[in-house]
$ cat start.cif   # mmCIF, C-alpha atoms and all ligand atoms
data_coords
#
loop_
_atom_site.label_atom_id
_atom_site.label_comp_id
_atom_site.auth_asym_id
_atom_site.auth_seq_id
_atom_site.Cartn_x
_atom_site.Cartn_y
_atom_site.Cartn_z
CA HIS A 8 -12.34 -6.12 17.93
CA LYS A 9 -9.49 -5.53 20.35
CA ASN A 10 -10.98 -7.51 23.25
CA GLY A 11 -12.97 -10.17 21.40
CA LEU A 12 -16.30 -10.63 19.69
CA GLN A 13 -19.47 -8.62 20.00
CA VAL A 14 -22.25 -11.02 20.99
CA ALA A 15 -25.80 -9.65 20.63
CA ILE A 16 -28.67 -11.44 22.38
CA ASP A 17 -32.18 -10.21 21.66
CA GLY A 18 -35.69 -11.50 22.19
CA PRO A 19 -38.99 -10.90 23.97
CA ALA A 20 -39.53 -10.55 27.73
CA SER A 21 -38.45 -13.48 29.91
CA ALA A 22 -37.00 -15.53 27.07
CA GLY A 23 -33.94 -15.98 29.29
CA LYS A 24 -31.69 -13.35 27.74
CA SER A 25 -30.06 -11.92 30.84
CA THR A 26 -29.65 -15.24 32.65
CA VAL A 27 -27.99 -16.81 29.64
CA ALA A 28 -26.01 -13.71 28.62
CA LYS A 29 -24.41 -13.47 32.07
CA ARG A 30 -23.35 -17.10 31.93
CA VAL A 31 -21.96 -16.85 28.42
CA ALA A 32 -20.01 -13.70 29.35
CA LYS A 33 -18.50 -15.48 32.34
CA GLN A 34 -17.48 -18.49 30.26
CA PHE A 35 -15.58 -16.36 27.72
CA ASN A 36 -14.39 -13.77 30.22
CA TYR A 37 -16.37 -11.10 28.36
CA ILE A 38 -18.16 -8.05 29.75
CA TYR A 39 -21.92 -8.39 30.17
CA CYS A 40 -24.16 -5.42 29.43
CA ASP A 41 -27.89 -5.45 30.24
CA THR A 42 -29.34 -2.70 28.03
CA GLY A 43 -32.83 -3.27 29.47
CA ALA A 44 -31.45 -2.09 32.81
CA MET A 45 -30.56 1.23 31.17
CA TYR A 46 -34.15 1.76 29.93
CA ARG A 47 -35.41 0.69 33.34
CA ALA A 48 -33.05 3.14 35.11
CA ILE A 49 -34.36 6.08 33.08
CA THR A 50 -37.94 4.92 33.70
CA LEU A 51 -37.35 4.77 37.46
CA LYS A 52 -35.85 8.26 37.51
CA THR A 53 -38.78 9.57 35.43
CA ILE A 54 -41.32 8.10 37.85
CA ARG A 55 -39.44 9.42 40.89
CA ALA A 56 -39.31 12.90 39.35
CA GLY A 57 -43.07 12.81 38.85
CA ILE A 58 -42.70 13.31 35.11
CA SER A 59 -45.43 11.95 32.86
CA LEU A 60 -44.47 8.95 30.72
CA ASP A 61 -45.50 10.76 27.54
CA ASN A 62 -43.32 13.81 28.20
CA ALA A 63 -40.64 12.98 25.64
CA LYS A 64 -38.82 16.26 26.05
CA GLU A 65 -38.37 16.03 29.82
CA ILE A 66 -37.45 12.34 29.64
CA SER A 67 -34.82 13.05 26.98
CA ALA A 68 -33.38 15.70 29.30
CA ILE A 69 -33.24 13.10 32.07
CA VAL A 70 -31.19 10.78 29.85
CA LYS A 71 -28.88 13.64 28.95
CA ASN A 72 -28.32 14.60 32.59
CA SER A 73 -27.98 11.11 34.06
CA LYS A 74 -25.08 8.76 34.42
CA ILE A 75 -25.92 5.06 34.37
CA THR A 76 -23.13 2.77 35.56
CA PHE A 77 -22.67 -0.94 36.21
CA ALA A 78 -20.50 -2.78 38.70
CA PRO A 79 -19.81 -6.52 38.57
CA ASP A 80 -21.45 -8.60 41.30
CA ASP A 81 -21.74 -12.30 42.21
CA ASN A 82 -25.24 -12.46 40.70
CA GLY A 83 -24.36 -10.49 37.58
CA GLN A 84 -24.11 -6.81 38.14
CA LYS A 85 -25.24 -3.87 40.22
CA VAL A 86 -26.85 -0.90 38.50
CA PHE A 87 -26.40 2.74 39.53
CA ILE A 88 -27.87 6.03 38.40
CA ASP A 89 -25.97 9.16 39.37
CA GLY A 90 -24.09 7.04 41.91
CA ASP A 91 -27.22 5.65 43.64
CA GLU A 92 -27.69 1.89 43.56
CA ILE A 93 -31.00 0.94 41.91
CA THR A 94 -30.40 -2.76 41.15
CA GLN A 95 -33.59 -3.91 42.91
CA ASP A 96 -35.69 -0.78 42.38
CA ILE A 97 -35.62 -1.07 38.57
CA ARG A 98 -37.31 -4.51 38.80
CA SER A 99 -40.52 -3.18 40.41
CA GLU A 100 -43.90 -3.83 38.77
CA GLU A 101 -44.35 -0.11 38.26
CA VAL A 102 -41.10 0.20 36.32
CA THR A 103 -41.82 -3.01 34.38
CA ASN A 104 -45.21 -1.72 33.29
CA SER A 105 -43.90 1.73 32.35
CA VAL A 106 -40.60 0.96 30.64
CA SER A 107 -41.95 0.25 27.13
CA ALA A 108 -43.44 3.75 26.92
CA VAL A 109 -40.09 5.32 27.79
CA ALA A 110 -38.26 2.97 25.42
CA ALA A 111 -40.48 4.11 22.54
CA ILE A 112 -39.15 7.70 22.68
CA ALA A 113 -36.83 8.18 19.70
CA ASP A 114 -34.40 10.54 21.42
CA VAL A 115 -34.12 8.29 24.47
CA ARG A 116 -33.21 5.37 22.20
CA GLN A 117 -30.70 7.44 20.27
CA GLN A 118 -28.86 8.52 23.39
CA LEU A 119 -28.86 5.13 25.09
CA SER A 120 -27.85 3.34 21.87
CA ALA A 121 -24.86 5.67 21.54
CA GLN A 122 -23.83 4.83 25.12
CA GLN A 123 -24.24 1.11 24.39
CA GLN A 124 -22.12 1.39 21.23
CA ALA A 125 -19.36 3.08 23.24
CA ILE A 126 -19.48 0.29 25.84
CA ALA A 127 -19.24 -2.39 23.13
CA GLU A 128 -16.67 -0.63 20.96
CA ASP A 129 -13.70 -2.87 21.78
CA GLY A 130 -15.69 -6.10 21.71
CA GLY A 131 -15.30 -8.88 24.28
CA ILE A 132 -18.89 -8.20 25.20
CA VAL A 133 -22.24 -9.95 25.50
CA MET A 134 -25.03 -7.38 25.22
CA ASP A 135 -28.70 -8.28 25.65
CA GLY A 136 -31.80 -6.30 24.76
CA ARG A 137 -34.36 -5.87 22.00
CA ASP A 138 -32.49 -4.08 19.20
CA ILE A 139 -28.85 -5.03 19.73
CA GLY A 140 -28.44 -7.16 16.59
CA THR A 141 -30.63 -4.89 14.46
CA ALA A 142 -29.73 -1.36 15.54
CA VAL A 143 -27.08 -1.02 18.26
CA LEU A 144 -24.47 -3.50 16.95
CA PRO A 145 -25.53 -4.34 13.39
CA ASP A 146 -22.02 -5.73 12.71
CA ALA A 147 -21.89 -7.98 15.78
CA GLU A 148 -20.10 -11.24 14.91
CA VAL A 149 -22.61 -13.32 16.86
CA LYS A 150 -26.34 -12.58 16.90
CA ILE A 151 -28.77 -14.72 18.86
CA PHE A 152 -32.55 -14.33 18.99
CA LEU A 153 -34.06 -16.17 21.97
CA VAL A 154 -37.74 -17.06 21.96
CA ALA A 155 -40.07 -19.18 24.11
CA SER A 156 -43.84 -19.63 24.27
CA VAL A 157 -45.61 -16.90 26.22
CA GLU A 158 -47.02 -19.50 28.65
CA GLU A 159 -43.52 -20.72 29.46
CA ARG A 160 -42.22 -17.19 29.82
CA ALA A 161 -45.04 -16.32 32.23
CA ARG A 162 -44.26 -19.46 34.25
CA ARG A 163 -40.58 -18.42 34.45
CA ARG A 164 -41.48 -14.97 35.72
CA TYR A 165 -43.96 -16.53 38.17
CA LYS A 166 -41.26 -18.77 39.67
CA GLU A 167 -38.87 -15.84 39.89
CA ASN A 168 -41.50 -13.79 41.71
CA ILE A 169 -42.32 -16.57 44.17
CA GLN A 170 -38.64 -16.69 45.13
CA LYS A 171 -38.82 -12.96 45.84
CA GLY A 172 -41.99 -13.41 47.90
CA ILE A 173 -44.24 -11.83 45.25
CA ASN A 174 -47.41 -13.70 44.32
CA THR A 175 -48.84 -12.14 41.15
CA PRO A 176 -51.29 -14.52 39.40
CA LEU A 177 -49.86 -16.35 36.42
CA GLU A 178 -52.57 -14.99 34.07
CA GLU A 179 -51.71 -11.43 35.06
CA LEU A 180 -48.02 -12.01 34.34
CA GLN A 181 -48.87 -13.46 30.95
CA LEU A 182 -50.98 -10.41 30.08
CA GLU A 183 -48.19 -8.08 31.22
CA ILE A 184 -45.65 -9.93 29.08
CA GLU A 185 -47.95 -9.90 26.04
CA ALA A 186 -48.67 -6.19 26.45
CA ARG A 187 -44.97 -5.34 26.72
CA ASP A 188 -44.00 -7.55 23.75
CA TYR A 189 -46.72 -5.88 21.69
CA LYS A 190 -45.48 -2.38 22.53
CA ASP A 191 -41.83 -3.34 22.00
CA SER A 192 -42.58 -4.95 18.62
CA HIS A 193 -44.82 -2.17 17.32
CA ARG A 194 -42.94 1.01 18.19
CA LYS A 195 -41.66 3.17 15.34
CA VAL A 196 -37.98 3.27 16.30
CA SER A 197 -35.97 0.04 16.30
CA PRO A 198 -38.79 -2.30 17.30
CA LEU A 199 -38.12 -5.78 18.66
CA THR A 200 -37.49 -7.94 15.62
CA LYS A 201 -35.10 -10.71 14.67
CA ALA A 202 -32.10 -9.57 12.63
CA ALA A 203 -31.91 -11.31 9.25
CA ASP A 204 -28.54 -12.80 10.21
CA ALA A 205 -29.48 -13.80 13.78
CA GLN A 206 -29.73 -17.42 14.90
CA GLU A 207 -33.03 -18.14 16.57
CA ILE A 208 -33.11 -20.48 19.55
CA ASP A 209 -36.47 -21.61 20.93
CA THR A 210 -35.81 -22.10 24.64
CA THR A 211 -39.33 -23.28 25.59
CA ALA A 212 -38.19 -26.83 26.30
CA LEU A 213 -34.52 -26.13 26.98
CA THR A 214 -32.66 -25.77 30.26
CA ILE A 215 -30.43 -22.79 30.93
CA ASP A 216 -27.37 -25.03 30.49
CA GLN A 217 -28.59 -26.19 27.10
CA VAL A 218 -29.13 -22.64 25.88
CA VAL A 219 -25.73 -21.53 27.17
CA SER A 220 -23.96 -24.40 25.43
CA GLU A 221 -25.81 -23.71 22.14
CA ILE A 222 -24.60 -20.11 22.22
CA ALA A 223 -21.10 -21.12 23.31
CA LYS A 224 -20.96 -23.38 20.25
CA VAL A 225 -21.80 -20.48 17.95
CA ILE A 226 -19.14 -18.30 19.58
CA LYS A 227 -16.46 -21.01 19.42
CA ASN A 228 -17.31 -21.59 15.81
CA GLN A 229 -16.81 -17.92 15.11
CA LEU A 230 -13.53 -17.93 17.05
CA ASN A 231 -12.45 -21.10 15.25
CA ILE A 232 -11.94 -23.07 18.44
CA ASN A 233 -13.58 -26.37 19.35
O1 LIG B 301 -38.20 -7.85 31.74
P1 LIG B 301 -37.09 -8.17 30.81
O2 LIG B 301 -35.84 -8.61 31.48
O3 LIG B 301 -37.49 -9.06 29.72
O4 LIG B 301 -36.81 -6.81 30.07
P2 LIG B 301 -35.54 -5.92 30.02
O5 LIG B 301 -34.52 -6.55 29.18
O6 LIG B 301 -35.19 -5.51 31.40
O7 LIG B 301 -36.09 -4.67 29.21
C1 LIG B 301 -37.09 -3.83 29.74
C2 LIG B 301 -37.70 -3.02 28.61
O8 LIG B 301 -36.73 -2.10 28.10
C3 LIG B 301 -38.20 -3.78 27.40
O9 LIG B 301 -39.52 -4.26 27.57
C4 LIG B 301 -38.13 -2.70 26.31
O10 LIG B 301 -39.25 -1.85 26.35
C5 LIG B 301 -36.92 -1.89 26.72
N1 LIG B 301 -35.69 -2.25 25.99
C6 LIG B 301 -35.54 -1.75 24.71
O11 LIG B 301 -36.43 -1.10 24.20
N2 LIG B 301 -34.39 -1.97 24.03
C7 LIG B 301 -33.39 -2.68 24.56
N3 LIG B 301 -32.26 -2.86 23.87
C8 LIG B 301 -33.55 -3.23 25.85
C9 LIG B 301 -34.72 -3.02 26.53
O1 LIG B 302 -33.74 -11.36 30.35
P1 LIG B 302 -35.03 -12.01 30.03
O2 LIG B 302 -36.21 -11.20 30.42
O3 LIG B 302 -35.12 -12.49 28.61
O4 LIG B 302 -35.14 -13.34 30.88
P2 LIG B 302 -34.42 -13.74 32.24
O5 LIG B 302 -34.79 -12.76 33.28
O6 LIG B 302 -32.99 -14.01 32.02
O7 LIG B 302 -35.04 -15.17 32.53
C1 LIG B 302 -36.30 -15.40 33.03
C2 LIG B 302 -36.29 -16.67 33.88
O8 LIG B 302 -36.29 -17.82 33.06
C3 LIG B 302 -35.14 -16.82 34.84
O9 LIG B 302 -35.66 -17.05 36.13
C4 LIG B 302 -34.38 -18.05 34.36
O10 LIG B 302 -33.86 -18.81 35.41
C5 LIG B 302 -35.45 -18.83 33.62
N1 LIG B 302 -35.02 -19.75 32.53
C6 LIG B 302 -34.20 -19.36 31.52
O11 LIG B 302 -33.74 -18.21 31.57
N2 LIG B 302 -33.84 -20.18 30.48
C7 LIG B 302 -34.31 -21.41 30.41
N3 LIG B 302 -33.97 -22.18 29.40
C8 LIG B 302 -35.16 -21.84 31.42
C9 LIG B 302 -35.51 -20.99 32.46
#
$ encode --input "start.cif" --output "structure tokens" --more "lines below"
Ligand code: CDP
Ligand code: CDP
Amino acid sequence: HKNGLQVAIDGPASAGKSTVAKRVAKQFNYIYCDTGAMYRAITLKTIRAGISLDNAKEISAIVKNSKITFAPDDNGQKVFIDGDEITQDIRSEEVTNSVSAVAAIADVRQQLSAQQQAIAEDGGIVMDGRDIGTAVLPDAEVKIFLVASVEERARRRYKENIQKGINTPLEELQLEIEARDYKDSHRKVSPLTKAADAQEIDTTALTIDQVVSEIAKVIKNQLNIN
């Protein structure tokens, strides 16, 4: 592609996708695109509009009539919908617990996937999500599937929450993660699954630096640099 490779990073909740994807993008001077933020943005707007999570028709209309944009930031990126910043708001418990229902709507996926494909068209991009290597960018030159034990993923989210002053019990976080993984893996349209040609990295016992350097190795290999 004109601007470099397409790097797809998929995996279940809290496997470290966005943390690692941001770092990898920085290292190669690539764009970073958090597709989960797009599903979260639509979910937030749906909740704010008082629309029921099973109203596929109205939610599809929301996607059609919304503009989701990103702006680079020191900590990654800011997220906007229709010009309003929603970077923090899309991380709420309510959005987190509702997003899988919205993401299961076929027309929502079709529209957001098309937007994601347009963003990635020229390459030079690291895109993270659930279906990037399987559905959005099936020809991506680099495909990574990050996994980690659910206990470790719950601990990671717990630590993150504590830093934000939120104290949800660890067991509750684990149940939330399991419920979301189940829904994401069992929906009809482009469920969370590892692409046949993706490289799986189990991050349970790895540091962020170790994961980043593993992925950087794969990219350099593909670019033929060492
Ligand atoms: O909480 P976490 O960072 O793991 O999730 P996220 O990447 O922000 O994604 C939130 C939700 O959006 C997921 O649980 C999926 O339901 C949905 N999603 C999706 O269906 N497809 C994508 N490519 C990205 C996210
Ligand atoms: O995007 P996704 O939901 O897959 O995960 P994340 O929000 O990037 O990462 C969840 C948390 O795990 C973050 O607080 C990271 O600092 C931490 N973490 C990690 O991402 N990778 C490791 N190898 C170890 C910890």
$ closest_atom_pairs --input "start.cif" --of "chain A" --to "ligand LIG 301 (chain B)" --cutoff "9 Å" --atoms "only C-alpha atoms and all ligand atoms" --output "tab-separated table"
residue	atom	partner	partner_atom	distance
A:Asp17	CA	B:LIG301	N3	7.7
A:Gly18	CA	B:LIG301	O3	8.1
A:Pro19	CA	B:LIG301	O3	6.2
A:Ala20	CA	B:LIG301	O3	3.2
A:Ser21	CA	B:LIG301	O3	4.5
A:Ala22	CA	B:LIG301	O3	7.0
A:Gly23	CA	B:LIG301	O3	7.8
A:Lys24	CA	B:LIG301	O2	7.3
A:Ser25	CA	B:LIG301	O2	6.7
A:Asp41	CA	B:LIG301	O5	6.8
A:Thr42	CA	B:LIG301	C8	4.8
A:Gly43	CA	B:LIG301	C9	3.5
A:Ala44	CA	B:LIG301	O6	5.3
A:Met45	CA	B:LIG301	C9	7.5
A:Tyr46	CA	B:LIG301	O8	5.0
A:Arg47	CA	B:LIG301	C1	6.0
A:Ile97	CA	B:LIG301	O6	8.4
A:Arg98	CA	B:LIG301	O6	7.8
A:Val102	CA	B:LIG301	C1	8.7
A:Thr103	CA	B:LIG301	O1	6.6
A:Asn104	CA	B:LIG301	O9	8.5
A:Ser105	CA	B:LIG301	O10	8.4
A:Val106	CA	B:LIG301	O10	5.3
A:Ser107	CA	B:LIG301	O10	3.5
A:Ala108	CA	B:LIG301	O10	7.0
A:Val109	CA	B:LIG301	O10	7.4
A:Ala110	CA	B:LIG301	O11	4.6
A:Ala111	CA	B:LIG301	O11	6.8
A:Arg116	CA	B:LIG301	O11	7.5
A:Leu119	CA	B:LIG301	N3	8.8
A:Ser120	CA	B:LIG301	N3	7.9
A:Gln123	CA	B:LIG301	N3	9.0
A:Met134	CA	B:LIG301	N3	8.6
A:Asp135	CA	B:LIG301	N3	6.7
A:Gly136	CA	B:LIG301	N3	3.6
A:Arg137	CA	B:LIG301	N3	4.1
A:Asp138	CA	B:LIG301	N3	4.8
A:Ile139	CA	B:LIG301	N3	5.8
A:Ala142	CA	B:LIG301	N3	8.8
A:Val143	CA	B:LIG301	N3	7.9
A:Arg164	CA	B:LIG301	O1	8.8
A:Ile184	CA	B:LIG301	O1	8.2
A:Arg187	CA	B:LIG301	O9	5.6
A:Asp188	CA	B:LIG301	O9	6.7
A:Lys190	CA	B:LIG301	O10	7.3
A:Asp191	CA	B:LIG301	O10	5.3
A:Ser192	CA	B:LIG301	O10	9.0
A:Ser197	CA	B:LIG301	O11	8.0
A:Pro198	CA	B:LIG301	O11	7.4
A:Leu199	CA	B:LIG301	O11	7.4
$ closest_residue --input "start.cif" --among "A:Asn72, A:Gln117, A:Thr200, A:Gln181" --to "Asp89 of chain A" --atoms "all atoms listed in the file"
A:Asn72
$ closest_residue --input "start.cif" --among "A:Ala161, A:Ala78, A:Val115, A:Ile88" --to "Asn62 of chain A" --atoms "all atoms listed in the file"
A:Val115
$ atom_distance --input "start.cif" --atom1 "atom CA of Ile208 of chain A" --atom2 "atom CA of Ile151 of chain A"
7.2 Å
$ closest_residue --input "start.cif" --among "A:Thr214, A:Asn10, A:Ser59, A:Thr53" --to "ligand LIG 302 (chain B)" --atoms "all atoms listed in the file"
A:Thr214
$ residues_around --input "start.cif" --residues "Ser156 of chain A" --least-positions-apart "6" --cutoff "9 Å" --atoms "all atoms listed in the file" --output "list in words"
Ala22, Asp209, Thr210 and Thr211 of chain A
$ closest_residue --input "start.cif" --among "A:Ala32, A:Ile215, A:Ala121, A:Ala186" --to "ligand LIG 302 (chain B)" --atoms "only C-alpha atoms and all ligand atoms"
A:Ile215
$ closest_residue --input "start.cif" --among "A:Gln217, A:Glu100, A:Gln124, A:Ile232" --to "Glu183 of chain A" --atoms "all atoms listed in the file"
A:Glu100
$ axis_aligned_box --input "start.cif" --around "ligand LIG 302 (chain B)" --padding-each-side "5 Å" --output "JSON"
{"center_x": -34.6, "center_y": -16.7, "center_z": 32.4, "size_x": 13.3, "size_y": 21.0, "size_z": 17.5}
$ closest_residue --input "start.cif" --among "A:Ala223, A:Ile169, A:Ile93, A:Ala205" --to "Ala147 of chain A" --atoms "all atoms listed in the file"
A:Ala205
$ atom_distance --input "start.cif" --atom1 "atom CA of Tyr165 of chain A" --atom2 "atom CA of Val27 of chain A"
18.1 Å
$ atom_distance --input "start.cif" --atom1 "atom CA of Ala212 of chain A" --atom2 "atom CA of Arg160 of chain A"
11.0 Å
$ residues_around --input "start.cif" --residues "Glu158 of chain A" --least-positions-apart "3" --cutoff "9 Å" --atoms "all atoms listed in the file" --output "list of chain:residue names"
A:Ala155, A:Ala161, A:Arg162, A:Arg163, A:Leu177, A:Glu178, A:Gln181
$ residues_around --input "start.cif" --residues "Ala203 of chain A" --least-positions-apart "6" --cutoff "10 Å" --atoms "all atoms listed in the file" --output "count of residues only"
3
$ residues_around --input "start.cif" --residues "Glu207 of chain A" --least-positions-apart "5" --cutoff "8 Å" --atoms "only C-alpha atoms" --output "PyMOL selection string"
chain A and resi 151-154+201
$ decode --input "start.cif" --residues "segment 197-208 of chain A" --atoms "N, CA and C atoms" --output "PDB file, in the first residue's frame"
ATOM      1  N   SER A 197     -19.516 -11.725  11.375  1.00  0.00           N
ATOM      2  CA  SER A 197     -18.095 -11.580  11.726  1.00  0.00           C
ATOM      3  C   SER A 197     -17.803 -11.659  13.225  1.00  0.00           C
ATOM      4  N   PRO A 198     -18.022 -12.840  13.797  1.00  0.00           N
ATOM      5  CA  PRO A 198     -17.708 -13.027  15.213  1.00  0.00           C
ATOM      6  C   PRO A 198     -16.197 -12.958  15.469  1.00  0.00           C
ATOM      7  N   LEU A 199     -15.860 -12.739  16.746  1.00  0.00           N
ATOM      8  CA  LEU A 199     -14.454 -12.748  17.144  1.00  0.00           C
ATOM      9  C   LEU A 199     -13.888 -14.152  16.930  1.00  0.00           C
ATOM     10  N   THR A 200     -12.912 -14.238  16.046  1.00  0.00           N
ATOM     11  CA  THR A 200     -12.250 -15.521  15.819  1.00  0.00           C
ATOM     12  C   THR A 200     -10.885 -15.240  15.202  1.00  0.00           C
ATOM     13  N   LYS A 201      -9.971 -16.143  15.413  1.00  0.00           N
ATOM     14  CA  LYS A 201      -8.612 -15.940  14.899  1.00  0.00           C
ATOM     15  C   LYS A 201      -8.577 -16.248  13.407  1.00  0.00           C
ATOM     16  N   ALA A 202      -8.042 -15.345  12.612  1.00  0.00           N
ATOM     17  CA  ALA A 202      -7.890 -15.605  11.177  1.00  0.00           C
ATOM     18  C   ALA A 202      -6.907 -16.756  10.989  1.00  0.00           C
ATOM     19  N   ALA A 203      -7.134 -17.578   9.973  1.00  0.00           N
ATOM     20  CA  ALA A 203      -6.275 -18.744   9.743  1.00  0.00           C
ATOM     21  C   ALA A 203      -4.810 -18.335   9.601  1.00  0.00           C
ATOM     22  N   ASP A 204      -4.575 -17.159   9.025  1.00  0.00           N
ATOM     23  CA  ASP A 204      -3.191 -16.717   8.787  1.00  0.00           C
ATOM     24  C   ASP A 204      -2.702 -15.708   9.827  1.00  0.00           C
ATOM     25  N   ALA A 205      -3.376 -15.642  10.979  1.00  0.00           N
ATOM     26  CA  ALA A 205      -2.925 -14.721  12.036  1.00  0.00           C
ATOM     27  C   ALA A 205      -1.910 -15.408  12.949  1.00  0.00           C
ATOM     28  N   GLN A 206      -1.005 -14.620  13.517  1.00  0.00           N
ATOM     29  CA  GLN A 206      -0.059 -15.160  14.488  1.00  0.00           C
ATOM     30  C   GLN A 206      -0.610 -14.895  15.872  1.00  0.00           C
ATOM     31  N   GLU A 207      -0.766 -15.969  16.644  1.00  0.00           N
ATOM     32  CA  GLU A 207      -1.298 -15.796  17.987  1.00  0.00           C
ATOM     33  C   GLU A 207      -0.176 -15.528  18.986  1.00  0.00           C
ATOM     34  N   ILE A 208      -0.394 -14.535  19.833  1.00  0.00           N
ATOM     35  CA  ILE A 208       0.568 -14.255  20.903  1.00  0.00           C
ATOM     36  C   ILE A 208      -0.182 -14.316  22.231  1.00  0.00           C
TER      37      ILE A 208
END
